[in-house]
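Heads up, the thing below is written out as C-alpha cells.
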Amino acid sequence: MAAEDERRDEAPTRRSGRPGTGGALLWTAVSVPFPGAAHLRMGRRKAGALLLGVYLLGIAALVLWALRLGAHESGPMTVLAGMAVQDMWLLGAMGAVFVVAILWMSVIVHSWVITRPEGKGRGRRVVGALTVLLLCLTVAAPSAWALHAGYTAYETLGSVFGAPEREDLPPHDAADPWYGADRVNVLLIGADSGDNRYGTRTDTMMLASVDTHTGDTVLVGMPRNLENIRFPEDSALAERYPEPYGFDLLLNDVYQTVAEEPDELAFNPIAPDPSADALKKVIAYNLDLDVDYYAMVDMMGFRDLIDAVGGIEVHIDEPIPYGVHGGVLEPGRQQLNGHDALWYGRSRVNSDDYGRMGRQGCLIKYVAEQVEPSTVLTSYRRLAGATKRTLSTDIPQSKVPAFIELADLVTDEGSMSALQLSPPQVNTGNPDWELIQELVLEAIENSAEGDELPDEPSAEASEEEDEESSEEESQDERTEWQDYTGLDEESPADPGRQVGSEAGDLDALCP
C-alpha cells in the first residue's frame, strides 16, 4: 500500500512536467540573476517574458545612466555625491530599492511555487523553504544595506544642513547656485570646548574665499588674539560695547560672549547657532566682505572626521612636539590618524599661534586634495556619525551639491594660497582695520587675476640665496623678520609662520 501511495503522489508531478526537487531549486536559483526564467521553463511565456524583459530594460537603463555619469565633466563620483546629499534623490532611491526588492523576492518565491514537486514530503518542503529563504536573503541583505545608507544620509543631512534659505537671496537655482557671484566666502571655525574649561573658544577662524569659476582659493587666517574688534552699527553688540573702548576681549571670545546672552546680543536669535552666526557677521564687518556661510567643527570631532576618511598624509619639515606625554610628530611624509592630525594643527610647542595657523592652512589643503567624493560615499557610516556630533553650519541643504562640485573644482583646477593676519604685517594688539581690509582685498584680487604668488624657497635654496645676497648687500641690511623681532635669524624657524603682507602659495608652504 505504501508503494502504491508513493506512485500516486509522483504521478501528478510527471504529468504536469514539473522538475524534481533538485531541478526546481535550480530553476528558482536561476530566477535570482534572471527573473522570469522559471516561468519560461514552466510554459508561462507571457509572465516570464514580461519579467525578464523588464529586468533587462532596467539593466540597460542603469548602463546608459552610468555612461552618462562617466561623461559628466565633474566626474561620476562627484555627481553621485551631489545626488546623495539631496532629499529628492535619496527618498526616490530608497523607494525604488524597497519596491524592487519586494518584487524580486516575490518572483523568487513564486518561481519555487510553480516549479516545486507536488508531493507532500516534509523533508522536501523544509529543504525547499530554507533554500528559497537563503535566495531571498541575497536580495534582501544588500537592499537593507542600501536602505540603511539612505536613511543615515537623510537623517544626517537633516541634522547638519537644516538651516533655512537666506531671506536676502532669491530662491535657490541649481543652474546658478551662486546667483552670478564670482566668489563665495565661507568662515571656517574650529571650536575648542571641554570639561576642563568654561564655554567654547573659537581658536581657529579662517575665511575661505573661493572663485566660483576657477576654484582658486584664498585662506585668510584670523588670529584668535585680535583685539579692538568692531561691531556693526545699530547692533546689540555695538550698543553693549561702544567705541572708543569697545570690546575689551579677544576675537575668540566673541562666540562665547554671544552664547551667554543670545536673546540680547545675537544678530539672529532664532538662527541654528546664534553665536556662530554673530561671529560670521562680525568678521565680515571687520574685513568689509560679504561672508555667505560658516562651518564650525569641534576640534575633538575633527579627530573623528579624519579617522572616518582613513587618515591624512602630511609633510613635516621639523619635529613637532605635542601633548602632555611628550609625543612627537617626526619629520618626513607621515600618514596621520585623527589624533595626530589634531595635534599637527594644535601644537604650539616650540612655535606660536601664528605658526599653528600656517599648519592649519596646510591641513585644509591636504584634506581638499586627498578626500575624494568616493571616500565620502564609502565611509558614509563613520562620517555621518562624526559629522552629526561635531559639525554645524548655516549652509542650506539645497547648496550642498554645489559645494561638492566647487570642492572638486578647487582640488582639480584651483590654486590655494594663504594670508595670515599676523605680526609683523598686522599688530594684533591694536590692529589697523583699514590696512587689514587692503591686505585681504589685495590677496583676493591677486588670486582672481591669476597672479603668481610668491613661493617660499626650500632651506637649501634659502642658504644659497643668503650667501649670494650677503656678498652683494651691505652688512647693515636686515629682513622684515629681523626688524620685527630684533633677533639675528633672517626668517622664523617655524615654516608655517608667515612673514610679509602677500598671500603665500600653499603648494610652497605645504609640499
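Going by the C-alpha cells order, chains are called A, B, ..., each with residues numbered from 1, while ligands are numbered from 1 in the order shown.
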Next on the checklist: Taking the DSSP secondary structure from the backbone, can you list the residues of stretch 130-353 of chain A that are alpha helix (DSSP H), as number ranges by chain?
Outcome noted: A: 130-160, 236-240, 254-260, 262-265, 274-287, 299-308, 338-346, 353
Given only C-alpha atoms, how would the per-residue table for stretch 52-101 of chain A near stretch 403-412 of chain A read, listing every residue at most 12 Å away with its closest atom pair and distance in Å to one decimal, sorted by chain and number, as JSON lines?
{"residue": "A:His72", "atom": "CA", "partner": "A:Glu405", "partner_atom": "CA", "distance": 11.6}
{"residue": "A:Glu73", "atom": "CA", "partner": "A:Glu405", "partner_atom": "CA", "distance": 10.2}
{"residue": "A:Ser74", "atom": "CA", "partner": "A:Glu405", "partner_atom": "CA", "distance": 6.9}
{"residue": "A:Gly75", "atom": "CA", "partner": "A:Asp408", "partner_atom": "CA", "distance": 9.1}
{"residue": "A:Pro76", "atom": "CA", "partner": "A:Glu405", "partner_atom": "CA", "distance": 11.2}
{"residue": "A:Met77", "atom": "CA", "partner": "A:Asp408", "partner_atom": "CA", "distance": 10.1}
{"residue": "A:Thr78", "atom": "CA", "partner": "A:Glu405", "partner_atom": "CA", "distance": 6.5}
{"residue": "A:Val79", "atom": "CA", "partner": "A:Glu405", "partner_atom": "CA", "distance": 7.9}
{"residue": "A:Leu80", "atom": "CA", "partner": "A:Ile404", "partner_atom": "CA", "distance": 10.2}
{"residue": "A:Ala81", "atom": "CA", "partner": "A:Ile404", "partner_atom": "CA", "distance": 7.4}
{"residue": "A:Gly82", "atom": "CA", "partner": "A:Ile404", "partner_atom": "CA", "distance": 6.3}
{"residue": "A:Met83", "atom": "CA", "partner": "A:Ile404", "partner_atom": "CA", "distance": 10.1}
{"residue": "A:Ala84", "atom": "CA", "partner": "A:Ile404", "partner_atom": "CA", "distance": 10.7}
{"residue": "A:Val85", "atom": "CA", "partner": "A:Ile404", "partner_atom": "CA", "distance": 9.4}
{"residue": "A:Gln86", "atom": "CA", "partner": "A:Ile404", "partner_atom": "CA", "distance": 11.7}
Include N, CA and C atoms and write out the residues we just selected as a compact mmCIF listing (two decimals), in the first residue's frame.
# COMPACT_ATOMS: atom_id res chain seq x y z
N HIS A 72 30.12 62.96 -17.60
CA HIS A 72 29.88 64.26 -16.97
C HIS A 72 31.21 64.94 -16.67
N GLU A 73 31.28 66.24 -16.90
CA GLU A 73 32.53 66.98 -16.73
C GLU A 73 33.01 66.99 -15.29
N SER A 74 32.12 66.86 -14.34
CA SER A 74 32.53 66.86 -12.93
C SER A 74 33.01 65.50 -12.45
N GLY A 75 32.79 64.45 -13.25
CA GLY A 75 33.19 63.12 -12.84
C GLY A 75 32.03 62.38 -12.19
N PRO A 76 31.96 61.06 -12.38
CA PRO A 76 30.81 60.31 -11.87
C PRO A 76 30.69 60.33 -10.35
N MET A 77 31.82 60.25 -9.63
CA MET A 77 31.73 60.21 -8.17
C MET A 77 31.25 61.54 -7.61
N THR A 78 31.64 62.64 -8.24
CA THR A 78 31.17 63.94 -7.78
C THR A 78 29.67 64.07 -7.99
N VAL A 79 29.19 63.60 -9.15
CA VAL A 79 27.75 63.67 -9.42
C VAL A 79 26.98 62.79 -8.43
N LEU A 80 27.49 61.58 -8.19
CA LEU A 80 26.83 60.69 -7.24
C LEU A 80 26.80 61.29 -5.84
N ALA A 81 27.93 61.88 -5.44
CA ALA A 81 27.98 62.51 -4.12
C ALA A 81 26.98 63.66 -4.04
N GLY A 82 26.86 64.42 -5.14
CA GLY A 82 25.89 65.51 -5.15
C GLY A 82 24.46 65.02 -5.05
N MET A 83 24.17 63.91 -5.71
CA MET A 83 22.82 63.33 -5.63
C MET A 83 22.56 62.76 -4.24
N ALA A 84 23.60 62.21 -3.61
CA ALA A 84 23.44 61.56 -2.32
C ALA A 84 23.15 62.53 -1.20
N VAL A 85 23.29 63.83 -1.45
CA VAL A 85 23.01 64.81 -0.40
C VAL A 85 21.74 65.60 -0.69
N GLN A 86 20.89 65.08 -1.56
CA GLN A 86 19.62 65.73 -1.85
C GLN A 86 18.47 64.81 -1.46
Checklist entry - Distance atom CA of A:Asp505-atom CA of A:Met222, one decimal place? => result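 These two atoms are separated by 17.3 Å.
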Next on the checklist: Given only C-alpha atoms as the basis, pick out the residue of A:Val218, A:Leu305, A:Leu25, A:Val349 nearest to A:Pro117.
Outcome noted: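 Among the listed residues, the smallest separation from A:Pro117 belongs to A:Leu25.
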Item to check | Gap from atom CA of A:Thr21 to atom CA of A:Arg125 - Å, one decimal | outcome: 9.2 Å
Item to check | Exercise: A:Gly355 partners within 12 Å, only C-alpha atoms, chain neighbours under 4 positions left out, as a list in words | outcome: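 Near A:Gly355, the qualifying residues are Gly221, Pro223, Ile320, Tyr344, Gly345, Arg346, Ser347, Arg348, Val349, Asn350, Ser351, Arg359, Gln360, Gly361, Cys362, Gln420, Leu421, Ser422, Pro423, Pro492, Ala493, Asp494, Pro495, Gly496, Arg497, Gln498, Val499 and Leu509 of chain A.
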Selection export as a PDB file, in the first residue's frame, atoms kept: C-alpha atoms:
ATOM      1  CA  GLY A 221      43.812  83.303   8.818  1.00  0.00           C
ATOM      2  CA  PRO A 223      44.429  85.252  14.800  1.00  0.00           C
ATOM      3  CA  ILE A 320      56.510  68.794  16.106  1.00  0.00           C
ATOM      4  CA  TYR A 344      49.569  68.722  13.967  1.00  0.00           C
ATOM      5  CA  GLY A 345      47.109  71.614  13.786  1.00  0.00           C
ATOM      6  CA  ARG A 346      47.063  72.451  17.513  1.00  0.00           C
ATOM      7  CA  SER A 347      50.607  72.153  18.833  1.00  0.00           C
ATOM      8  CA  ARG A 348      52.360  75.347  19.913  1.00  0.00           C
ATOM      9  CA  VAL A 349      55.420  73.697  21.467  1.00  0.00           C
ATOM     10  CA  ASN A 350      58.491  75.481  20.069  1.00  0.00           C
ATOM     11  CA  SER A 351      56.042  77.506  17.995  1.00  0.00           C
ATOM     12  CA  ARG A 359      49.803  74.276   9.700  1.00  0.00           C
ATOM     13  CA  GLN A 360      46.029  74.596   9.917  1.00  0.00           C
ATOM     14  CA  GLY A 361      46.025  76.027   6.408  1.00  0.00           C
ATOM     15  CA  CYS A 362      48.131  73.057   5.318  1.00  0.00           C
ATOM     16  CA  GLN A 420      47.866  85.245   7.815  1.00  0.00           C
ATOM     17  CA  LEU A 421      46.776  88.434   9.520  1.00  0.00           C
ATOM     18  CA  SER A 422      49.631  88.080  11.977  1.00  0.00           C
ATOM     19  CA  PRO A 423      52.671  90.103  13.069  1.00  0.00           C
ATOM     20  CA  PRO A 492      61.252  82.353  11.521  1.00  0.00           C
ATOM     21  CA  ALA A 493      62.241  78.785  12.324  1.00  0.00           C
ATOM     22  CA  ASP A 494      58.615  77.613  12.108  1.00  0.00           C
ATOM     23  CA  PRO A 495      57.851  77.007   8.400  1.00  0.00           C
ATOM     24  CA  GLY A 496      54.174  77.728   8.975  1.00  0.00           C
ATOM     25  CA  ARG A 497      54.883  81.252  10.207  1.00  0.00           C
ATOM     26  CA  GLN A 498      54.126  83.857   7.527  1.00  0.00           C
ATOM     27  CA  VAL A 499      56.233  86.957   7.155  1.00  0.00           C
ATOM     28  CA  LEU A 509      54.225  76.246   2.309  1.00  0.00           C
TER      29      LEU A 509
END
Checklist entry - Can you list, as a VMD selection string, every residue of stretch 219-415 of chain A that DSSP puts in strand (DSSP E)? => result chain A and resid 219 to 222 293 to 298 312 to 316 320 to 322 327 to 329 332 to 336 391 to 393
Applying 7 Å and only C-alpha atoms, which residues near stretch 177-194 of chain A remain after dropping the ones on its own chain fewer than 2 positions away? List them as a PDB file with N, CA and C atoms, in the first residue's frame.
ATOM      1  N   HIS A 172      16.684  79.289  -4.424  1.00  0.00           N
ATOM      2  CA  HIS A 172      17.829  78.532  -4.943  1.00  0.00           C
ATOM      3  C   HIS A 172      17.597  78.125  -6.394  1.00  0.00           C
ATOM      4  N   ASP A 173      18.643  78.308  -7.191  1.00  0.00           N
ATOM      5  CA  ASP A 173      18.616  77.927  -8.599  1.00  0.00           C
ATOM      6  C   ASP A 173      19.795  76.992  -8.832  1.00  0.00           C
ATOM      7  N   ALA A 174      19.506  75.711  -9.109  1.00  0.00           N
ATOM      8  CA  ALA A 174      20.573  74.733  -9.280  1.00  0.00           C
ATOM      9  C   ALA A 174      21.487  75.087 -10.447  1.00  0.00           C
ATOM     10  N   ALA A 175      20.952  75.747 -11.460  1.00  0.00           N
ATOM     11  CA  ALA A 175      21.766  76.128 -12.611  1.00  0.00           C
ATOM     12  C   ALA A 175      22.699  77.285 -12.288  1.00  0.00           C
ATOM     13  N   ASN A 196      37.215  70.652  31.065  1.00  0.00           N
ATOM     14  CA  ASN A 196      38.200  71.333  31.905  1.00  0.00           C
ATOM     15  C   ASN A 196      38.247  72.840  31.663  1.00  0.00           C
ATOM     16  N   ARG A 197      37.315  73.371  30.879  1.00  0.00           N
ATOM     17  CA  ARG A 197      37.308  74.808  30.645  1.00  0.00           C
ATOM     18  C   ARG A 197      35.865  75.291  30.494  1.00  0.00           C
ATOM     19  N   GLY A 199      32.922  77.239  28.719  1.00  0.00           N
ATOM     20  CA  GLY A 199      32.453  77.728  27.438  1.00  0.00           C
ATOM     21  C   GLY A 199      33.207  77.162  26.250  1.00  0.00           C
ATOM     22  N   THR A 200      33.059  77.867  25.133  1.00  0.00           N
ATOM     23  CA  THR A 200      33.653  77.445  23.859  1.00  0.00           C
ATOM     24  C   THR A 200      34.567  78.538  23.332  1.00  0.00           C
ATOM     25  N   ARG A 201      35.787  78.134  22.979  1.00  0.00           N
ATOM     26  CA  ARG A 201      36.736  79.078  22.382  1.00  0.00           C
ATOM     27  C   ARG A 201      36.878  78.755  20.897  1.00  0.00           C
ATOM     28  N   THR A 202      36.753  79.780  20.082  1.00  0.00           N
ATOM     29  CA  THR A 202      36.937  79.591  18.640  1.00  0.00           C
ATOM     30  C   THR A 202      38.381  79.959  18.300  1.00  0.00           C
ATOM     31  N   ASP A 203      39.305  79.063  18.642  1.00  0.00           N
ATOM     32  CA  ASP A 203      40.729  79.354  18.462  1.00  0.00           C
ATOM     33  C   ASP A 203      41.158  79.315  17.003  1.00  0.00           C
ATOM     34  N   THR A 204      40.368  78.672  16.153  1.00  0.00           N
ATOM     35  CA  THR A 204      40.675  78.630  14.728  1.00  0.00           C
ATOM     36  C   THR A 204      39.568  79.336  13.958  1.00  0.00           C
ATOM     37  N   MET A 205      39.947  80.398  13.259  1.00  0.00           N
ATOM     38  CA  MET A 205      38.999  81.144  12.435  1.00  0.00           C
ATOM     39  C   MET A 205      39.694  81.452  11.117  1.00  0.00           C
ATOM     40  N   MET A 206      39.141  80.966  10.039  1.00  0.00           N
ATOM     41  CA  MET A 206      39.766  81.107   8.741  1.00  0.00           C
ATOM     42  C   MET A 206      38.688  81.387   7.695  1.00  0.00           C
ATOM     43  N   LEU A 207      38.866  82.449   6.957  1.00  0.00           N
ATOM     44  CA  LEU A 207      37.925  82.781   5.895  1.00  0.00           C
ATOM     45  C   LEU A 207      38.407  82.162   4.594  1.00  0.00           C
ATOM     46  N   ALA A 208      37.581  81.313   3.988  1.00  0.00           N
ATOM     47  CA  ALA A 208      37.898  80.715   2.688  1.00  0.00           C
ATOM     48  C   ALA A 208      37.128  81.464   1.619  1.00  0.00           C
ATOM     49  N   SER A 209      37.867  82.162   0.750  1.00  0.00           N
ATOM     50  CA  SER A 209      37.265  82.895  -0.366  1.00  0.00           C
ATOM     51  C   SER A 209      37.563  82.118  -1.641  1.00  0.00           C
ATOM     52  N   VAL A 210      36.510  81.578  -2.276  1.00  0.00           N
ATOM     53  CA  VAL A 210      36.672  80.656  -3.398  1.00  0.00           C
ATOM     54  C   VAL A 210      36.113  81.284  -4.671  1.00  0.00           C
ATOM     55  N   ASP A 211      36.915  81.258  -5.726  1.00  0.00           N
ATOM     56  CA  ASP A 211      36.458  81.702  -7.037  1.00  0.00           C
ATOM     57  C   ASP A 211      35.538  80.628  -7.612  1.00  0.00           C
ATOM     58  N   THR A 212      34.310  80.989  -7.890  1.00  0.00           N
ATOM     59  CA  THR A 212      33.325  80.007  -8.334  1.00  0.00           C
ATOM     60  C   THR A 212      33.565  79.524  -9.760  1.00  0.00           C
ATOM     61  N   HIS A 213      34.437  80.207 -10.517  1.00  0.00           N
ATOM     62  CA  HIS A 213      34.704  79.826 -11.901  1.00  0.00           C
ATOM     63  C   HIS A 213      35.983  78.993 -12.032  1.00  0.00           C
ATOM     64  N   LYS A 280      30.309  85.194  12.393  1.00  0.00           N
ATOM     65  CA  LYS A 280      30.422  85.360  10.941  1.00  0.00           C
ATOM     66  C   LYS A 280      30.177  86.810  10.535  1.00  0.00           C
ATOM     67  N   VAL A 291      30.351  87.682   3.893  1.00  0.00           N
ATOM     68  CA  VAL A 291      30.636  86.295   4.249  1.00  0.00           C
ATOM     69  C   VAL A 291      29.320  85.537   4.154  1.00  0.00           C
ATOM     70  N   ASP A 292      29.264  84.606   3.225  1.00  0.00           N
ATOM     71  CA  ASP A 292      27.987  83.970   2.895  1.00  0.00           C
ATOM     72  C   ASP A 292      27.558  82.934   3.928  1.00  0.00           C
ATOM     73  N   TYR A 293      28.494  82.080   4.345  1.00  0.00           N
ATOM     74  CA  TYR A 293      28.144  80.969   5.224  1.00  0.00           C
ATOM     75  C   TYR A 293      29.280  80.718   6.213  1.00  0.00           C
ATOM     76  N   TYR A 294      28.981  79.912   7.210  1.00  0.00           N
ATOM     77  CA  TYR A 294      30.014  79.446   8.136  1.00  0.00           C
ATOM     78  C   TYR A 294      29.907  77.934   8.270  1.00  0.00           C
ATOM     79  N   ALA A 295      30.997  77.314   8.659  1.00  0.00           N
ATOM     80  CA  ALA A 295      31.010  75.894   9.002  1.00  0.00           C
ATOM     81  C   ALA A 295      31.897  75.749  10.234  1.00  0.00           C
ATOM     82  N   MET A 296      31.356  75.206  11.302  1.00  0.00           N
ATOM     83  CA  MET A 296      32.086  75.090  12.560  1.00  0.00           C
ATOM     84  C   MET A 296      32.223  73.625  12.950  1.00  0.00           C
ATOM     85  N   VAL A 297      33.437  73.224  13.302  1.00  0.00           N
ATOM     86  CA  VAL A 297      33.693  71.856  13.728  1.00  0.00           C
ATOM     87  C   VAL A 297      34.381  71.892  15.076  1.00  0.00           C
ATOM     88  N   ASP A 298      33.942  71.043  15.970  1.00  0.00           N
ATOM     89  CA  ASP A 298      34.607  70.880  17.252  1.00  0.00           C
ATOM     90  C   ASP A 298      35.966  70.233  17.017  1.00  0.00           C
ATOM     91  N   MET A 299      37.011  70.741  17.654  1.00  0.00           N
ATOM     92  CA  MET A 299      38.351  70.260  17.375  1.00  0.00           C
ATOM     93  C   MET A 299      38.519  68.780  17.718  1.00  0.00           C
ATOM     94  N   LYS A 399      22.220  73.884  -1.133  1.00  0.00           N
ATOM     95  CA  LYS A 399      23.513  74.349  -1.628  1.00  0.00           C
ATOM     96  C   LYS A 399      24.602  73.277  -1.531  1.00  0.00           C
ATOM     97  N   ALA A 402      26.161  71.971  -4.806  1.00  0.00           N
ATOM     98  CA  ALA A 402      27.001  72.993  -5.434  1.00  0.00           C
ATOM     99  C   ALA A 402      28.345  73.093  -4.729  1.00  0.00           C
TER     100      ALA A 402
END
Checklist entry - In terms of the shortest atom-to-atom distance over only C-alpha atoms, which of A:Ala96, A:Leu441, A:Ala271, A:Val309 is closest to A:Ser392? => result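 Checking each candidate against A:Ser392, we get A:Ala271 as the closest.
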Can I get the residues of stretch 22-49 of chain A within 12 Å of stretch 139-148 of chain A, each with the closest pair of atoms and their distance in Å to one decimal, using only C-alpha atoms, sorted chain first then ascending number, as JSON lines?
{"residue": "A:Ala29", "atom": "CA", "partner": "A:Val139", "partner_atom": "CA", "distance": 11.8}
{"residue": "A:Ser31", "atom": "CA", "partner": "A:Val139", "partner_atom": "CA", "distance": 11.5}
{"residue": "A:Val32", "atom": "CA", "partner": "A:Val139", "partner_atom": "CA", "distance": 8.1}
{"residue": "A:Pro33", "atom": "CA", "partner": "A:Val139", "partner_atom": "CA", "distance": 10.0}
Next on the checklist: Just want the 8 Å neighbourhood of stretch 263-269 of chain A, counted on only C-alpha atoms, with same-chain residues fewer than 4 positions away dropped. Output as a list in words.
Outcome noted: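 The residues that qualify are Ser235, Ala236, Leu237, Val258, Pro274, Ser275, Asp277 and Ala278 of chain A.
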Writer output for current selection, N, CA and C atoms, as a compact mmCIF listing (two decimals), in the first residue's frame:
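Here's the written file selection-v4.txt:
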# COMPACT_ATOMS: atom_id res chain seq x y z
N SER A 235 23.88 97.44 16.09
CA SER A 235 23.76 96.07 16.59
C SER A 235 23.77 96.09 18.11
N ALA A 236 23.23 95.04 18.71
CA ALA A 236 23.21 94.95 20.18
C ALA A 236 24.63 94.88 20.73
N LEU A 237 25.55 94.26 19.99
CA LEU A 237 26.94 94.19 20.45
C LEU A 237 27.58 95.57 20.45
N VAL A 258 28.38 85.99 22.95
CA VAL A 258 27.01 85.92 22.42
C VAL A 258 26.28 84.70 22.97
N PRO A 274 23.10 80.94 17.03
CA PRO A 274 23.18 82.40 17.02
C PRO A 274 24.59 82.94 17.23
N SER A 275 25.41 82.21 18.00
CA SER A 275 26.77 82.68 18.28
C SER A 275 27.65 82.59 17.05
N ASP A 277 26.61 82.52 13.97
CA ASP A 277 26.07 83.49 13.03
C ASP A 277 26.59 84.89 13.35
N ALA A 278 26.65 85.22 14.64
CA ALA A 278 27.15 86.53 15.05
C ALA A 278 28.64 86.67 14.73
Checklist entry - Which of these, A:Ala129, A:Ala503, A:Leu135, A:Ile270, has the shortest distance to A:Leu439 once you count only C-alpha atoms? => result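 Among A:Ala129, A:Ala503, A:Leu135, A:Ile270, it is A:Ala503 that comes nearest to A:Leu439.
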Next on the checklist: Please compute the atom CA of A:Leu249-atom CA of A:Asp483 distance, one decimal, in Å.
Outcome noted: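 Atom-to-atom, atom CA of A:Leu249 and atom CA of A:Asp483 are spaced 28.3 Å apart.
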